[in-house]
Amino acid sequence: MNAPQSPRTLTPSRQEDLRLVSGQGRYAADWNLPGQLHAFMIRADRPHARILSLDVSAVRNAPGVRLVLTADDAMAAGFQPIPTGAPLTDIHGQPQKTAAMPVLAKDKVVFAGQPIAMVIADSARLAQDASERVIIDYEDLPACATVEQALAEGAPQLHAGSPGNYSMDFQDGDAAAVEAAFAKAAYRSKHRIHSQRLIGVPMELRAALAQYDATRDHYTVYTPTQGMLGMRGALAAVSAVPPKQIEVIAQDVGGSFGLRGGTYSEQVLLMLAAKKSGKPVKWVSSRSELFLSDWHGRALTLEGEMALDAQGHILAIRYKDTIDLGAYNCYWGAYIGTKNISVTMGGVYRVPALYMQSRTVFTNTVPVSAYRGAGRPDIVFIIETLLERAAAEHGLDPIALRRKNYIPKDAFPYKTANGSTYDCGEFEAVLDKALKLADHAGFEARREEARARGKLRGIGVASYLEASGAGGVKDNVIGRWDGKGQLNLYGVTGPSGQGHETTFAQLVADGLGLALGQVRYRASDPATALVGNGTGGSRSLYGAGSAFKVMGARLIEKALPHAAQVLGVPTAELRYEQGGFAAAGKRISLGELVARLQPASGAHPLDAEGEAQSGTTYPNGCHIAEIEIDPETGVTEIVNYSAIDDLGNVISRALVQGQVHGGVVQGVGQAFGEHAIYDADTAQLLTGSFMDYPMPRAGCLPHFQWDEHPVPTKLNELGSKGVGESGCSGSLPALSNAMLNALRPLGVQSFDMPFTPARVWEQLQGARR
């Protein structure tokens, strides 16, 4: 018998697209239940204050109001704070000082937008109107909008348990070895980058609908997720309701980027409201509300220093980082700027000594958590811009410097100086392919042509490597045949735009030799109890996908004796090929066998399960950006963008290219516009709408080229490495290096994102002076 092969085919079409483009998609706000009520959140309008009194009596008496929930109700229900994430230890081996966010504020608020109460009424408009009647007596306190303010002597303290406003000082690596390397270095260079605070703004507004069944003491929650089990676990942890009494439903999710992995205050409050009112309760945010309540992203300042010998070999790299957590520890906030960025702090280079120290700081701003890449793009950002600066300062060719320091192909598996083990890679071959795709050799001629037109041209190269998510549990999937010959696949990995329905169906269909239309993927079906990991860390395909590959092999194994009986041949003589079993000139297709074995009721004998435990993989690549600046206006155009990625085996090339393209555009957004800005005096968000927070547009990347250089990993069944975050990891340093390459001849050595026209123009004016 031949096992199914690892497919590498071009997806003809996405199975979900017709539903989504024809208005048949169902997002969280599209769910409605008979007799439902509607909720509105009362939020803090100031960043730091004591709540002296909260009077909601007039709210309760407003027309249409059924219920008002405050912190007292949450406490009476046994609610716990929002999860603070994985436990960490500080530089002294002591537990991190955590400040957990309450579901509703009671005595104090520490950021503008913090939830204080929920109003439940007959309509959303009545709930919002009633909220205007609340009377809150505050005692205002000084606020810290930045980490510099929070760490200053005499700064106002946000949390009693965190003196000095820092959560922890983290370290990784060998400080003594790094110091010794710097002492003998021929060259040293230092560079600092600020990866500015961002707002995730998924296309879908955050919304939820909760229903309570008193007869079963059971909750049903319709909400965006990145995986049903993760959301259910977070709901259970906060609400103190056992997971078996919670059902989470999400059909379509319009973007996530790390923001929809766990519950916010609203979902658990809707559960309580549904129980108290005896009716379903729905909440739909406004876009401006999300600017103040969805977790923010990035907000890291990384300072790197590189030591090189006289021949240009990297001897050591050390980092000193400052991480803005916002007002509380929420989910991945502290982990991102500590563990996540330290794992690959040597990048694609052979670095004998590494050391990192990160300080995580509380400020009076929206809490920060995972946002596409969760620190991975930021560590690549500092490595690659630091290397370019070292090359410029010491007269070295940056391409040659990379070649000299890449981890060579024959060094794998390679253990880094701080203990990470990269299993495989061909970094120099990836670079060569990217240089050719971008026509790097012809750049100087293009620069001269641009100069003749009065423009400044720059090119930026970036070699990235990132660690994908390993997953906390095995991925468990199942395939069930319906009565019409269709194989329905079930798993817990929920899509948020990546095309899971197509990719998983394609993987199984190709492996079994079936038509794509014969296979469908259904995420988190409540009637199917499974375990597994949600979407996150670029692991969905190789995690759940590996389990589906195992399932396919088991299905063939289960079918083998049935096929042998039908054909009247020994099982040892059967071959499985092109969607059927064959031996001795006889053949039966899998579809025919499925039809023959279809039971009158109950499970089909060829239903099959699969499970897989997949380890961390290391996607990598080389991205090259070419830009042109109009010095009179500061307007920058990306004239070409080329990317080569080693993502291991690719299942669906079209979807992978789309993932890379989307990630690059997200990086373009950060590079040229996006920036969540707080007023330094009031700690109020100044960029609270799309009027002030610009997003990337369809025309921002007119010339995008992509190809792959697959080096399959042996760490999962598919040989795949993950793709979801690679576009961000490659684009931030490539675009920054391109900008500095254009401006460095004018004396500009450092320039933080975003590169808005006004800021670029100011840099040019400063250089001219």
# chains A, B, ... in the order shown; residues from 1 in each chain; ligands from 1
>>> residues_around(residues="Phe443 of chain A", least_positions_apart="3", cutoff="12 Å", atoms="only C-alpha atoms", output="ChimeraX atom specification")
/A:435-436,438-440,446-450,457-460,624-628,639-640,738,741-742
>>> write_last_selection(atoms="N, CA and C atoms", output="PDB file, in the first residue's frame")
ATOM      1  N   LEU A 435      18.219  38.432  -4.346  1.00  0.00           N
ATOM      2  CA  LEU A 435      18.997  39.441  -5.070  1.00  0.00           C
ATOM      3  C   LEU A 435      18.702  39.385  -6.567  1.00  0.00           C
ATOM      4  N   LYS A 436      18.567  38.177  -7.085  1.00  0.00           N
ATOM      5  CA  LYS A 436      18.261  38.021  -8.514  1.00  0.00           C
ATOM      6  C   LYS A 436      16.849  38.499  -8.821  1.00  0.00           C
ATOM      7  N   ALA A 438      15.079  40.699  -7.295  1.00  0.00           N
ATOM      8  CA  ALA A 438      14.983  42.148  -7.147  1.00  0.00           C
ATOM      9  C   ALA A 438      15.888  42.915  -8.120  1.00  0.00           C
ATOM     10  N   ASP A 439      16.685  42.194  -8.914  1.00  0.00           N
ATOM     11  CA  ASP A 439      17.693  42.827  -9.777  1.00  0.00           C
ATOM     12  C   ASP A 439      18.530  43.797  -8.950  1.00  0.00           C
ATOM     13  N   HIS A 440      19.067  43.268  -7.852  1.00  0.00           N
ATOM     14  CA  HIS A 440      19.878  44.094  -6.954  1.00  0.00           C
ATOM     15  C   HIS A 440      21.098  44.661  -7.673  1.00  0.00           C
ATOM     16  N   ARG A 446      19.575  52.394 -11.483  1.00  0.00           N
ATOM     17  CA  ARG A 446      18.236  52.937 -11.223  1.00  0.00           C
ATOM     18  C   ARG A 446      18.313  54.124 -10.272  1.00  0.00           C
ATOM     19  N   ARG A 447      19.240  54.082  -9.338  1.00  0.00           N
ATOM     20  CA  ARG A 447      19.418  55.216  -8.417  1.00  0.00           C
ATOM     21  C   ARG A 447      19.874  56.453  -9.178  1.00  0.00           C
ATOM     22  N   GLU A 448      20.797  56.285 -10.104  1.00  0.00           N
ATOM     23  CA  GLU A 448      21.281  57.417 -10.889  1.00  0.00           C
ATOM     24  C   GLU A 448      20.165  57.988 -11.766  1.00  0.00           C
ATOM     25  N   GLU A 449      19.357  57.119 -12.322  1.00  0.00           N
ATOM     26  CA  GLU A 449      18.242  57.580 -13.149  1.00  0.00           C
ATOM     27  C   GLU A 449      17.251  58.377 -12.304  1.00  0.00           C
ATOM     28  N   ALA A 450      16.999  57.913 -11.081  1.00  0.00           N
ATOM     29  CA  ALA A 450      16.093  58.629 -10.185  1.00  0.00           C
ATOM     30  C   ALA A 450      16.684  59.980  -9.791  1.00  0.00           C
ATOM     31  N   ARG A 457      16.521  57.558  -4.164  1.00  0.00           N
ATOM     32  CA  ARG A 457      16.150  56.145  -4.257  1.00  0.00           C
ATOM     33  C   ARG A 457      16.949  55.344  -3.233  1.00  0.00           C
ATOM     34  N   GLY A 458      16.303  54.362  -2.629  1.00  0.00           N
ATOM     35  CA  GLY A 458      16.971  53.528  -1.645  1.00  0.00           C
ATOM     36  C   GLY A 458      16.544  52.082  -1.774  1.00  0.00           C
ATOM     37  N   ILE A 459      17.439  51.192  -1.385  1.00  0.00           N
ATOM     38  CA  ILE A 459      17.138  49.763  -1.405  1.00  0.00           C
ATOM     39  C   ILE A 459      17.455  49.173  -0.039  1.00  0.00           C
ATOM     40  N   GLY A 460      16.612  48.282   0.405  1.00  0.00           N
ATOM     41  CA  GLY A 460      16.788  47.674   1.721  1.00  0.00           C
ATOM     42  C   GLY A 460      16.681  46.170   1.643  1.00  0.00           C
ATOM     43  N   ILE A 624      13.449  42.260  -0.052  1.00  0.00           N
ATOM     44  CA  ILE A 624      14.185  43.416  -0.576  1.00  0.00           C
ATOM     45  C   ILE A 624      13.177  44.463  -1.031  1.00  0.00           C
ATOM     46  N   ALA A 625      13.263  45.636  -0.438  1.00  0.00           N
ATOM     47  CA  ALA A 625      12.369  46.744  -0.776  1.00  0.00           C
ATOM     48  C   ALA A 625      13.148  47.842  -1.477  1.00  0.00           C
ATOM     49  N   GLU A 626      12.521  48.441  -2.472  1.00  0.00           N
ATOM     50  CA  GLU A 626      13.133  49.561  -3.194  1.00  0.00           C
ATOM     51  C   GLU A 626      12.147  50.720  -3.180  1.00  0.00           C
ATOM     52  N   ILE A 627      12.613  51.872  -2.726  1.00  0.00           N
ATOM     53  CA  ILE A 627      11.729  53.025  -2.570  1.00  0.00           C
ATOM     54  C   ILE A 627      12.266  54.223  -3.338  1.00  0.00           C
ATOM     55  N   GLU A 628      11.369  55.176  -3.566  1.00  0.00           N
ATOM     56  CA  GLU A 628      11.753  56.433  -4.195  1.00  0.00           C
ATOM     57  C   GLU A 628      11.076  57.570  -3.444  1.00  0.00           C
ATOM     58  N   VAL A 639       8.652  51.319  -5.038  1.00  0.00           N
ATOM     59  CA  VAL A 639       8.672  51.065  -6.485  1.00  0.00           C
ATOM     60  C   VAL A 639       8.841  49.581  -6.800  1.00  0.00           C
ATOM     61  N   ASN A 640       9.353  48.817  -5.843  1.00  0.00           N
ATOM     62  CA  ASN A 640       9.469  47.372  -6.058  1.00  0.00           C
ATOM     63  C   ASN A 640       9.638  46.680  -4.716  1.00  0.00           C
ATOM     64  N   ALA A 738      15.678  50.373   3.469  1.00  0.00           N
ATOM     65  CA  ALA A 738      15.550  51.111   2.210  1.00  0.00           C
ATOM     66  C   ALA A 738      15.497  52.608   2.470  1.00  0.00           C
ATOM     67  N   ASN A 741      18.925  53.739   3.511  1.00  0.00           N
ATOM     68  CA  ASN A 741      19.822  53.680   2.363  1.00  0.00           C
ATOM     69  C   ASN A 741      19.661  54.914   1.480  1.00  0.00           C
ATOM     70  N   ALA A 742      18.430  55.424   1.393  1.00  0.00           N
ATOM     71  CA  ALA A 742      18.187  56.637   0.610  1.00  0.00           C
ATOM     72  C   ALA A 742      18.680  57.883   1.329  1.00  0.00           C
TER      73      ALA A 742
END
>>> residues_around(residues="Gly537 of chain A", least_positions_apart="4", cutoff="9 Å", atoms="only C-alpha atoms", output="PyMOL selection string")
chain A and resi 258+372-374+467-471+722+724-725
>>> write_last_selection(atoms="N, CA, C and O atoms", output="short mmCIF file (atom, residue, chain, number, x, y, z; two decimals), in the first residue's frame")
data_model
loop_
_atom_site.label_atom_id
_atom_site.label_comp_id
_atom_site.auth_asym_id
_atom_site.auth_seq_id
_atom_site.Cartn_x
_atom_site.Cartn_y
_atom_site.Cartn_z
N GLY A 258 -4.04 38.06 16.48
CA GLY A 258 -3.70 37.88 17.89
C GLY A 258 -4.69 38.50 18.84
O GLY A 258 -4.68 38.21 20.04
N ARG A 372 0.12 40.62 15.06
CA ARG A 372 0.78 39.83 14.02
C ARG A 372 2.31 39.76 14.14
O ARG A 372 3.02 40.69 13.80
N GLY A 373 2.77 38.64 14.64
CA GLY A 373 4.20 38.41 14.83
C GLY A 373 4.59 38.40 16.29
O GLY A 373 5.55 37.75 16.68
N ALA A 374 3.88 39.17 17.12
CA ALA A 374 4.08 39.15 18.58
C ALA A 374 5.55 39.23 18.98
O ALA A 374 6.07 38.39 19.71
N ALA A 467 10.51 32.14 15.00
CA ALA A 467 10.11 30.87 15.60
C ALA A 467 8.59 30.78 15.58
O ALA A 467 7.90 31.65 16.11
N SER A 468 8.08 29.73 14.97
CA SER A 468 6.62 29.55 14.95
C SER A 468 6.16 28.96 16.27
O SER A 468 6.95 28.49 17.09
N GLY A 469 4.85 28.96 16.48
CA GLY A 469 4.29 28.45 17.73
C GLY A 469 4.26 26.94 17.75
O GLY A 469 3.84 26.28 16.80
N ALA A 470 4.70 26.35 18.87
CA ALA A 470 4.73 24.89 18.98
C ALA A 470 3.36 24.32 19.29
O ALA A 470 3.06 23.18 18.96
N GLY A 471 2.52 25.10 19.96
CA GLY A 471 1.22 24.59 20.37
C GLY A 471 1.31 23.92 21.73
O GLY A 471 2.30 23.26 22.06
N GLY A 722 5.24 27.23 8.34
CA GLY A 722 4.38 28.33 8.75
C GLY A 722 4.65 29.58 7.94
O GLY A 722 5.77 29.80 7.47
N GLY A 724 2.12 32.74 8.35
CA GLY A 724 1.24 33.87 8.68
C GLY A 724 1.92 35.16 9.06
O GLY A 724 1.41 36.24 8.80
N GLU A 725 3.09 35.08 9.69
CA GLU A 725 3.73 36.30 10.20
C GLU A 725 4.99 36.70 9.43
O GLU A 725 5.63 37.71 9.73
#
>>> residues_around(residues="Asp122 of chain A", least_positions_apart="2", cutoff="9 Å", atoms="only C-alpha atoms", output="PyMOL selection string")
chain A and resi 35-39+63-66+120+124-127
>>> write_last_selection(atoms="all heavy atoms", output="compact mmCIF listing (two decimals), in the first residue's frame")
# COMPACT_ATOMS: atom_id res chain seq x y z
N GLY A 35 -36.04 37.51 20.88
CA GLY A 35 -36.16 38.15 22.18
C GLY A 35 -34.88 38.69 22.77
O GLY A 35 -34.82 39.03 23.96
N GLN A 36 -33.83 38.84 21.95
CA GLN A 36 -32.54 39.25 22.50
C GLN A 36 -32.56 40.70 22.98
O GLN A 36 -33.27 41.56 22.44
CB GLN A 36 -31.44 39.07 21.47
CG GLN A 36 -31.53 40.01 20.27
CD GLN A 36 -30.54 39.65 19.17
OE1 GLN A 36 -30.06 38.52 19.08
NE2 GLN A 36 -30.22 40.61 18.30
N LEU A 37 -31.75 40.96 23.99
CA LEU A 37 -31.51 42.30 24.50
C LEU A 37 -30.17 42.79 23.96
O LEU A 37 -29.42 42.03 23.33
CB LEU A 37 -31.51 42.30 26.02
CG LEU A 37 -32.78 41.76 26.71
CD1 LEU A 37 -32.61 41.75 28.22
CD2 LEU A 37 -34.00 42.58 26.31
N HIS A 38 -29.88 44.06 24.22
CA HIS A 38 -28.66 44.66 23.68
C HIS A 38 -27.89 45.38 24.78
O HIS A 38 -28.48 45.93 25.71
CB HIS A 38 -29.01 45.64 22.55
CG HIS A 38 -29.68 44.98 21.40
ND1 HIS A 38 -29.01 44.55 20.28
CD2 HIS A 38 -31.00 44.64 21.20
CE1 HIS A 38 -29.86 43.99 19.45
NE2 HIS A 38 -31.08 44.04 19.97
N ALA A 39 -26.57 45.37 24.64
CA ALA A 39 -25.70 45.92 25.69
C ALA A 39 -24.87 47.09 25.16
O ALA A 39 -24.59 47.19 23.97
CB ALA A 39 -24.78 44.84 26.24
N PRO A 63 -35.70 54.51 30.02
CA PRO A 63 -36.61 53.71 29.18
C PRO A 63 -35.91 52.51 28.56
O PRO A 63 -34.81 52.64 27.99
CB PRO A 63 -37.06 54.70 28.11
CG PRO A 63 -36.91 56.04 28.74
CD PRO A 63 -35.70 55.94 29.63
N GLY A 64 -36.53 51.37 28.65
CA GLY A 64 -36.04 50.16 27.98
C GLY A 64 -34.93 49.43 28.69
O GLY A 64 -34.51 48.35 28.24
N VAL A 65 -34.40 49.96 29.78
CA VAL A 65 -33.27 49.31 30.46
C VAL A 65 -33.76 48.14 31.29
O VAL A 65 -34.71 48.25 32.07
CB VAL A 65 -32.51 50.33 31.34
CG1 VAL A 65 -31.47 49.61 32.22
CG2 VAL A 65 -31.82 51.36 30.46
N ARG A 66 -33.11 47.01 31.13
CA ARG A 66 -33.47 45.80 31.87
C ARG A 66 -32.50 45.49 33.00
O ARG A 66 -32.88 44.85 33.99
CB ARG A 66 -33.51 44.60 30.92
CG ARG A 66 -34.47 44.72 29.76
CD ARG A 66 -35.93 44.75 30.21
NE ARG A 66 -36.85 44.65 29.08
CZ ARG A 66 -37.35 43.51 28.62
NH1 ARG A 66 -37.05 42.37 29.20
NH2 ARG A 66 -38.16 43.51 27.58
N ILE A 120 -27.82 46.98 29.85
CA ILE A 120 -28.58 46.05 29.01
C ILE A 120 -29.99 46.58 28.84
O ILE A 120 -30.68 46.87 29.83
CB ILE A 120 -28.60 44.64 29.62
CG1 ILE A 120 -27.18 44.06 29.69
CG2 ILE A 120 -29.49 43.71 28.79
CD1 ILE A 120 -26.44 44.33 30.97
N ALA A 124 -30.01 48.55 21.23
CA ALA A 124 -28.67 49.11 21.41
C ALA A 124 -28.74 50.62 21.62
O ALA A 124 -27.99 51.19 22.42
CB ALA A 124 -27.81 48.77 20.20
N ARG A 125 -29.64 51.29 20.90
CA ARG A 125 -29.76 52.74 21.05
C ARG A 125 -30.26 53.11 22.44
O ARG A 125 -29.76 54.07 23.05
CB ARG A 125 -30.71 53.28 19.97
CG ARG A 125 -30.96 54.78 20.04
CD ARG A 125 -29.67 55.58 19.96
NE ARG A 125 -28.94 55.33 18.74
CZ ARG A 125 -29.15 55.98 17.61
NH1 ARG A 125 -30.09 56.90 17.54
NH2 ARG A 125 -28.42 55.72 16.55
N LEU A 126 -31.23 52.37 22.96
CA LEU A 126 -31.73 52.66 24.31
C LEU A 126 -30.64 52.44 25.35
O LEU A 126 -30.52 53.20 26.32
CB LEU A 126 -32.95 51.80 24.62
CG LEU A 126 -34.25 52.18 23.90
CD1 LEU A 126 -35.33 51.14 24.17
CD2 LEU A 126 -34.73 53.58 24.35
N ALA A 127 -29.83 51.40 25.17
CA ALA A 127 -28.74 51.14 26.11
C ALA A 127 -27.71 52.26 26.07
O ALA A 127 -27.24 52.72 27.12
CB ALA A 127 -28.09 49.80 25.78
>>> atom_distance(atom1="atom CA of Leu516 of chain A", atom2="atom CA of Gly585 of chain A")
27.0 Å
>>> residues_around(residues="Gly497 of chain A", least_positions_apart="2", cutoff="8 Å", atoms="only C-alpha atoms", output="list in words")
Val253, Gly254, Gly255, Pro495, Gly499 and His500 of chain A
>>> atom_distance(atom1="atom CA of Ala299 of chain A", atom2="atom CA of Pro367 of chain A")
10.3 Å
>>> residues_around(residues="Ala676 of chain A", least_positions_apart="4", cutoff="7 Å", atoms="only C-alpha atoms", output="MDAnalysis selection string")
chainID A and resid 197:199 687
>>> select_by_dssp(residues="segment 684-767 of chain A", states="strand (DSSP E)", output="PyMOL selection string")
chain A and resi 704-708
